[in-house]
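Structure below is work33.cif: mmCIF, C-alpha atoms.
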```cif
data_structure
#
loop_
_atom_site.label_atom_id
_atom_site.label_comp_id
_atom_site.auth_asym_id
_atom_site.auth_seq_id
_atom_site.Cartn_x
_atom_site.Cartn_y
_atom_site.Cartn_z
CA MET A 1 117.96 98.31 83.22
CA ASN A 2 118.08 94.71 82.06
CA ASP A 3 115.88 92.71 84.37
CA HIS A 4 115.85 89.03 83.44
CA ILE A 5 119.38 88.19 84.48
CA VAL A 6 120.11 85.11 86.55
CA ILE A 7 123.42 84.81 88.38
CA SER A 8 124.34 81.53 90.02
CA ILE A 9 126.53 81.50 93.11
CA GLY A 10 128.44 78.44 94.24
CA THR A 11 130.98 77.73 96.98
CA ASN A 12 132.55 74.63 98.49
CA LEU A 13 135.43 76.00 100.58
CA GLY A 14 135.58 77.91 103.87
CA ASN A 15 132.44 79.23 105.55
CA LYS A 16 130.16 78.48 102.63
CA LYS A 17 127.06 80.25 103.92
CA ALA A 18 129.09 83.39 104.70
CA ASN A 19 130.66 83.19 101.22
CA LEU A 20 127.20 83.23 99.61
CA PHE A 21 126.06 86.25 101.57
CA LEU A 22 129.29 88.16 101.02
CA ALA A 23 128.92 87.62 97.27
CA ILE A 24 125.27 88.75 97.40
CA ASN A 25 126.24 91.92 99.26
CA ARG A 26 128.92 92.70 96.67
CA ILE A 27 126.52 92.08 93.77
CA LYS A 28 124.09 94.53 95.42
CA ASN A 29 126.72 97.25 94.87
CA PHE A 30 125.99 97.27 91.14
CA SER A 31 122.73 95.36 90.60
CA LYS A 32 119.27 95.24 92.13
CA ILE A 33 118.28 91.82 93.45
CA VAL A 34 114.72 91.07 92.36
CA SER A 35 114.51 87.63 93.99
CA GLN A 36 116.72 84.79 95.13
CA SER A 37 116.39 81.03 95.08
CA LYS A 38 116.65 78.64 97.96
CA ILE A 39 120.14 77.48 98.85
CA PHE A 40 120.88 73.97 97.62
CA GLN A 41 123.51 71.64 99.02
CA THR A 42 124.95 69.72 96.09
CA GLU A 43 127.59 67.20 95.25
CA PRO A 44 130.49 68.53 93.16
CA TRP A 45 129.55 68.47 89.47
CA GLY A 46 132.06 67.24 86.90
CA TYR A 47 134.79 66.20 89.34
CA GLN A 48 135.45 64.38 92.63
CA SER A 49 135.79 66.24 95.93
CA LYS A 50 134.99 65.61 99.57
CA ASN A 51 133.61 69.16 99.79
CA SER A 52 129.94 69.59 98.95
CA PHE A 53 128.71 72.85 97.41
CA LEU A 54 126.18 75.40 98.44
CA ASN A 55 124.54 76.79 95.29
CA MET A 56 121.87 79.39 94.78
CA GLY A 57 120.68 81.87 92.19
CA LEU A 58 119.75 85.53 92.02
CA LEU A 59 117.33 87.15 89.62
CA VAL A 60 118.79 90.63 89.19
CA SER A 61 118.28 93.86 87.36
CA SER A 62 121.53 95.44 86.19
CA PRO A 63 122.61 98.44 84.14
CA PHE A 64 125.54 96.43 82.73
CA GLN A 65 125.77 94.70 79.39
CA PRO A 66 126.74 90.99 79.58
CA LEU A 67 130.54 91.35 79.31
CA GLU A 68 130.61 94.28 81.76
CA LEU A 69 128.54 92.25 84.21
CA LEU A 70 130.88 89.26 83.80
CA THR A 71 133.89 91.50 84.52
CA ASN A 72 132.24 92.74 87.73
CA LEU A 73 131.47 89.16 88.81
CA LYS A 74 135.04 88.01 88.10
CA ASN A 75 136.31 90.95 90.19
CA ILE A 76 134.18 89.76 93.13
CA GLU A 77 135.63 86.26 92.74
CA LYS A 78 139.18 87.67 92.85
CA GLU A 79 138.40 89.93 95.84
CA MET A 80 137.01 86.93 97.72
CA GLY A 81 140.17 84.91 97.10
CA ARG A 82 139.29 82.73 94.13
CA LYS A 83 142.43 81.41 92.51
CA GLU A 84 143.01 81.55 88.75
CA LYS A 85 142.33 78.20 87.11
CA THR A 86 145.54 76.48 86.09
CA THR A 87 143.86 73.63 84.17
CA ASN A 88 140.60 72.98 82.36
CA GLN A 89 139.53 70.67 85.20
CA TYR A 90 136.91 71.67 87.74
CA GLU A 91 138.29 72.24 91.22
CA ASP A 92 137.20 73.30 94.70
CA ARG A 93 136.58 77.03 94.98
CA ILE A 94 135.72 79.65 97.55
CA ILE A 95 133.26 81.32 95.16
CA ASP A 96 131.94 80.79 91.65
CA LEU A 97 129.73 83.38 89.96
CA ASP A 98 128.13 82.57 86.61
CA ILE A 99 125.60 84.34 84.43
CA LEU A 100 123.00 81.70 83.59
CA ILE A 101 120.50 83.89 81.71
CA TYR A 102 120.71 87.42 80.39
CA ASN A 103 117.24 88.34 79.07
CA ASN A 104 116.86 86.69 75.66
CA VAL A 105 120.49 87.37 74.73
CA THR A 106 122.47 84.62 73.01
CA ILE A 107 126.27 84.94 72.97
CA ASN A 108 128.87 82.37 71.98
CA SER A 109 132.32 83.81 72.45
CA ALA A 110 135.58 82.75 74.06
CA LYS A 111 134.79 84.93 77.10
CA LEU A 112 131.09 84.30 77.56
CA SER A 113 128.33 81.96 76.39
CA LEU A 114 124.69 82.82 77.06
CA PRO A 115 122.49 81.20 78.06
CA HIS A 116 125.06 79.30 80.13
CA PRO A 117 125.90 76.20 78.06
CA LYS A 118 125.61 73.76 80.98
CA ILE A 119 122.18 74.83 82.29
CA ARG A 120 120.32 71.88 80.81
CA VAL A 121 122.80 69.26 82.07
CA ARG A 122 123.28 70.52 85.63
CA LYS A 123 120.31 69.65 87.81
CA PHE A 124 121.23 72.30 90.39
CA SER A 125 121.03 75.03 87.70
CA LEU A 126 117.56 73.85 86.70
CA LEU A 127 116.43 73.77 90.34
CA ILE A 128 117.64 77.36 90.76
CA LEU A 129 115.68 78.39 87.65
CA LYS A 130 112.59 76.50 88.84
CA ASP A 131 112.78 78.36 92.15
CA LEU A 132 113.12 81.74 90.42
CA TYR A 133 110.68 81.24 87.53
CA ASN A 134 108.27 78.63 88.91
CA TYR A 135 106.33 77.38 85.85
CA GLU A 136 107.07 80.34 83.56
CA LEU A 137 109.02 80.09 80.33
CA ILE A 138 112.63 81.00 80.98
CA PRO A 139 113.99 83.82 78.78
CA GLY A 140 116.49 82.59 76.24
CA LEU A 141 115.61 78.91 76.78
CA ASN A 142 112.00 78.88 75.52
CA ASN A 143 111.17 76.21 78.05
CA THR A 144 110.20 75.79 81.69
CA ALA A 145 112.59 74.43 84.30
CA ASP A 146 110.11 71.59 84.95
CA GLU A 147 110.24 70.48 81.32
CA MET A 148 114.04 70.56 81.30
CA LEU A 149 114.20 68.69 84.63
CA LYS A 150 112.10 65.86 83.15
CA ARG A 151 114.77 65.30 80.49
CA ASN A 152 117.77 65.91 82.78
CA LYS A 153 120.18 62.99 83.30
CA ASP A 154 122.08 64.46 86.26
CA TYR A 155 121.46 62.11 89.19
CA SER A 156 123.66 63.89 91.72
CA LYS A 157 122.33 64.27 95.26
CA ILE A 158 120.83 67.70 95.87
CA GLU A 159 118.87 68.89 98.87
CA VAL A 160 117.58 72.19 100.14
CA PHE A 161 120.08 73.61 102.64
CA GLU A 162 118.32 74.23 105.93
CA GLN A 163 119.84 77.33 107.43
#
```
Go ahead and render the structure in this file as structure tokens.
Amino acid sequence: MNDHIVISIGTNLGNKKANLFLAINRIKNFSKIVSQSKIFQTEPWGYQSKNSFLNMGLLVSSPFQPLELLTNLKNIEKEMGRKEKTTNQYEDRIIDLDILIYNNVTINSAKLSLPHPKIRVRKFSLLILKDLYNYELIPGLNNTADEMLKRNKDYSKIEVFEQ
């Protein structure tokens, strides 16, 4: 089992809280959830929308290698009604599942990049990692979330979602 895997979950359409928990339940079918972050309400990142996001992260243990895990996550997105992207622009979505960290694995391919290439620029990703790792070094990044947050230039509004 690979046990330092972080999956981020985001949604900004429909019943967002229900979307998060449906995705978590589906991930539980093939991975063990070790811990989960708080839920953060965030502004859309990289594009304009009137729909705010709910974002959170899961620290999981999974028997799958990175590309197999990605395939399973993409299947969940399709099952939940996520539409295929038609452009390279960000857009509203019912569910978005990304692998942020996969142990100390580094991959740069057309299908998958690990660690996720936008971790350091997206404040919500760093807040998820801070929640999951506290002040520990994050595998694959050789840094703490706190240190990366100090250098982060993302000034979008993010707050803890009170359930």
I'd like a table as a tab-separated table: residues in segment 24-116 of chain A with an atom no more than 7 Å from segment 134-155 of chain A, each row giving the shortest atom pair and its distance in Å to one decimal, all atoms listed in the file counted, sorted by chain and rising residue number.
```
residue	atom	partner	partner_atom	distance
A:Ile101	CA	A:Gly140	CA	6.9
A:Asn103	CA	A:Pro139	CA	5.6
A:Asn104	CA	A:Gly140	CA	4.2
A:Val105	CA	A:Gly140	CA	6.4
A:Pro115	CA	A:Gly140	CA	6.4
```
### Query
Between A:Ser52, A:Ser61, A:Ser109, A:Asn88, which has the minimum distance to Asn15 of chain A (counting only C-alpha atoms)?
A:Ser52
Using the chain letters and residue numbers of this document, give as a tab-separated table (two decimals) with C-alpha atoms, in the frame of the given file the residues selected by the PyMOL selection byres ((chain A and resi 125) around 12).
```
chain	number	residue	atom	x	y	z
A	6	VAL	CA	120.11	85.11	86.55
A	7	ILE	CA	123.42	84.81	88.38
A	8	SER	CA	124.34	81.53	90.02
A	9	ILE	CA	126.53	81.50	93.11
A	10	GLY	CA	128.44	78.44	94.24
A	37	SER	CA	116.39	81.03	95.08
A	38	LYS	CA	116.65	78.64	97.96
A	39	ILE	CA	120.14	77.48	98.85
A	40	PHE	CA	120.88	73.97	97.62
A	42	THR	CA	124.95	69.72	96.09
A	45	TRP	CA	129.55	68.47	89.47
A	54	LEU	CA	126.18	75.40	98.44
A	55	ASN	CA	124.54	76.79	95.29
A	56	MET	CA	121.87	79.39	94.78
A	57	GLY	CA	120.68	81.87	92.19
A	58	LEU	CA	119.75	85.53	92.02
A	98	ASP	CA	128.13	82.57	86.61
A	99	ILE	CA	125.60	84.34	84.43
A	100	LEU	CA	123.00	81.70	83.59
A	101	ILE	CA	120.50	83.89	81.71
A	115	PRO	CA	122.49	81.20	78.06
A	116	HIS	CA	125.06	79.30	80.13
A	117	PRO	CA	125.90	76.20	78.06
A	118	LYS	CA	125.61	73.76	80.98
A	119	ILE	CA	122.18	74.83	82.29
A	120	ARG	CA	120.32	71.88	80.81
A	121	VAL	CA	122.80	69.26	82.07
A	122	ARG	CA	123.28	70.52	85.63
A	123	LYS	CA	120.31	69.65	87.81
A	124	PHE	CA	121.23	72.30	90.39
A	126	LEU	CA	117.56	73.85	86.70
A	127	LEU	CA	116.43	73.77	90.34
A	128	ILE	CA	117.64	77.36	90.76
A	129	LEU	CA	115.68	78.39	87.65
A	130	LYS	CA	112.59	76.50	88.84
A	131	ASP	CA	112.78	78.36	92.15
A	132	LEU	CA	113.12	81.74	90.42
A	145	ALA	CA	112.59	74.43	84.30
A	146	ASP	CA	110.11	71.59	84.95
A	148	MET	CA	114.04	70.56	81.30
A	149	LEU	CA	114.20	68.69	84.63
A	152	ASN	CA	117.77	65.91	82.78
A	154	ASP	CA	122.08	64.46	86.26
A	158	ILE	CA	120.83	67.70	95.87
```
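Applied to this file, the PyMOL selection byres ((chain A and resi 47) around 12) selects the residues Glu43, Pro44, Trp45, Gly46, Gln48, Ser49, Lys50, Asn51, Ser52, Asn88, Gln89, Tyr90, Glu91, Asp92 and Ser156 of chain A.
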### Message
Between atom CA of Leu13 of chain A and atom CA of Ile94 of chain A, what is the distance in Å, rounded to a tenth?
### Response
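If I compute the distance from atom CA of Leu13 of chain A to atom CA of Ile94 of chain A, I get 4.8 Å.
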### Task
Just the residues within 12 Å of Gln65 of chain A, please, counting all atoms listed in the file, with nothing from its chain fewer than 4 positions along; format it as an MDAnalysis selection string.
chainID A and resid 1:3 5 31 61 69:72 99 102:103 105 107 112
Go ahead and write the selection's residues with C-alpha atoms as a PDB file, keeping the file's coordinate frame.
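In the end it all went to out_17.pdb:
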```pdb
ATOM      1  CA  MET A   1     117.960  98.310  83.220  1.00  0.00           C
ATOM      2  CA  ASN A   2     118.080  94.710  82.060  1.00  0.00           C
ATOM      3  CA  ASP A   3     115.880  92.710  84.370  1.00  0.00           C
ATOM      4  CA  ILE A   5     119.380  88.190  84.480  1.00  0.00           C
ATOM      5  CA  SER A  31     122.730  95.360  90.600  1.00  0.00           C
ATOM      6  CA  SER A  61     118.280  93.860  87.360  1.00  0.00           C
ATOM      7  CA  LEU A  69     128.540  92.250  84.210  1.00  0.00           C
ATOM      8  CA  LEU A  70     130.880  89.260  83.800  1.00  0.00           C
ATOM      9  CA  THR A  71     133.890  91.500  84.520  1.00  0.00           C
ATOM     10  CA  ASN A  72     132.240  92.740  87.730  1.00  0.00           C
ATOM     11  CA  ILE A  99     125.600  84.340  84.430  1.00  0.00           C
ATOM     12  CA  TYR A 102     120.710  87.420  80.390  1.00  0.00           C
ATOM     13  CA  ASN A 103     117.240  88.340  79.070  1.00  0.00           C
ATOM     14  CA  VAL A 105     120.490  87.370  74.730  1.00  0.00           C
ATOM     15  CA  ILE A 107     126.270  84.940  72.970  1.00  0.00           C
ATOM     16  CA  LEU A 112     131.090  84.300  77.560  1.00  0.00           C
TER      17      LEU A 112
END
```
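Nearest to Lys157 of chain A of all the residues A:Leu67, A:Arg26, A:Ala110, A:Gln41 is A:Gln41, counting only C-alpha atoms.
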### Task
Find the residues near Gly81 of chain A: any atom within 10 Å, counting only C-alpha atoms, skip ones fewer than 6 places away on the same chain, and give them as a PyMOL selection string.
chain A and resi 75+93-95
### Query
Please, what distance in Å, to one decimal, runs between atom CA of Asp96 of chain A and atom CA of Glu77 of chain A?
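Separation of atom CA of Asp96 of chain A and atom CA of Glu77 of chain A: 6.7 Å.
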### Query
By how many Å are atom CA of Glu84 of chain A and atom CA of Asn25 of chain A apart?
22.3 Å
Within 8 Å of (115.2, 90.4, 95.2) (file coordinates; all atoms listed in the file), which protein or nucleic acid residues are there? I'd like them as a short mmCIF file (atom, residue, chain, number, x, y, z; two decimals) with C-alpha atoms, keeping the file's coordinate frame.
```
data_model
loop_
_atom_site.label_atom_id
_atom_site.label_comp_id
_atom_site.auth_asym_id
_atom_site.auth_seq_id
_atom_site.Cartn_x
_atom_site.Cartn_y
_atom_site.Cartn_z
CA LYS A 32 119.27 95.24 92.13
CA ILE A 33 118.28 91.82 93.45
CA VAL A 34 114.72 91.07 92.36
CA SER A 35 114.51 87.63 93.99
CA GLN A 36 116.72 84.79 95.13
CA LEU A 58 119.75 85.53 92.02
CA LEU A 59 117.33 87.15 89.62
CA VAL A 60 118.79 90.63 89.19
#
```
Centre and edge lengths, as lines of an AutoDock Vina configuration file, for the axis-aligned box enclosing every listed atom of segment 36-47 of chain A with 4 Å of padding on each of the six sides, in Å to one decimal?
```
center_x = 125.6
center_y = 75.5
center_z = 93.0
size_x = 26.4
size_y = 26.6
size_z = 20.1
```
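Among A:Leu114, A:Leu22, A:Leu97, A:Val160, the residue with the shortest atom-to-atom distance to Leu73 of chain A, counting all atoms listed in the file, is A:Leu97.
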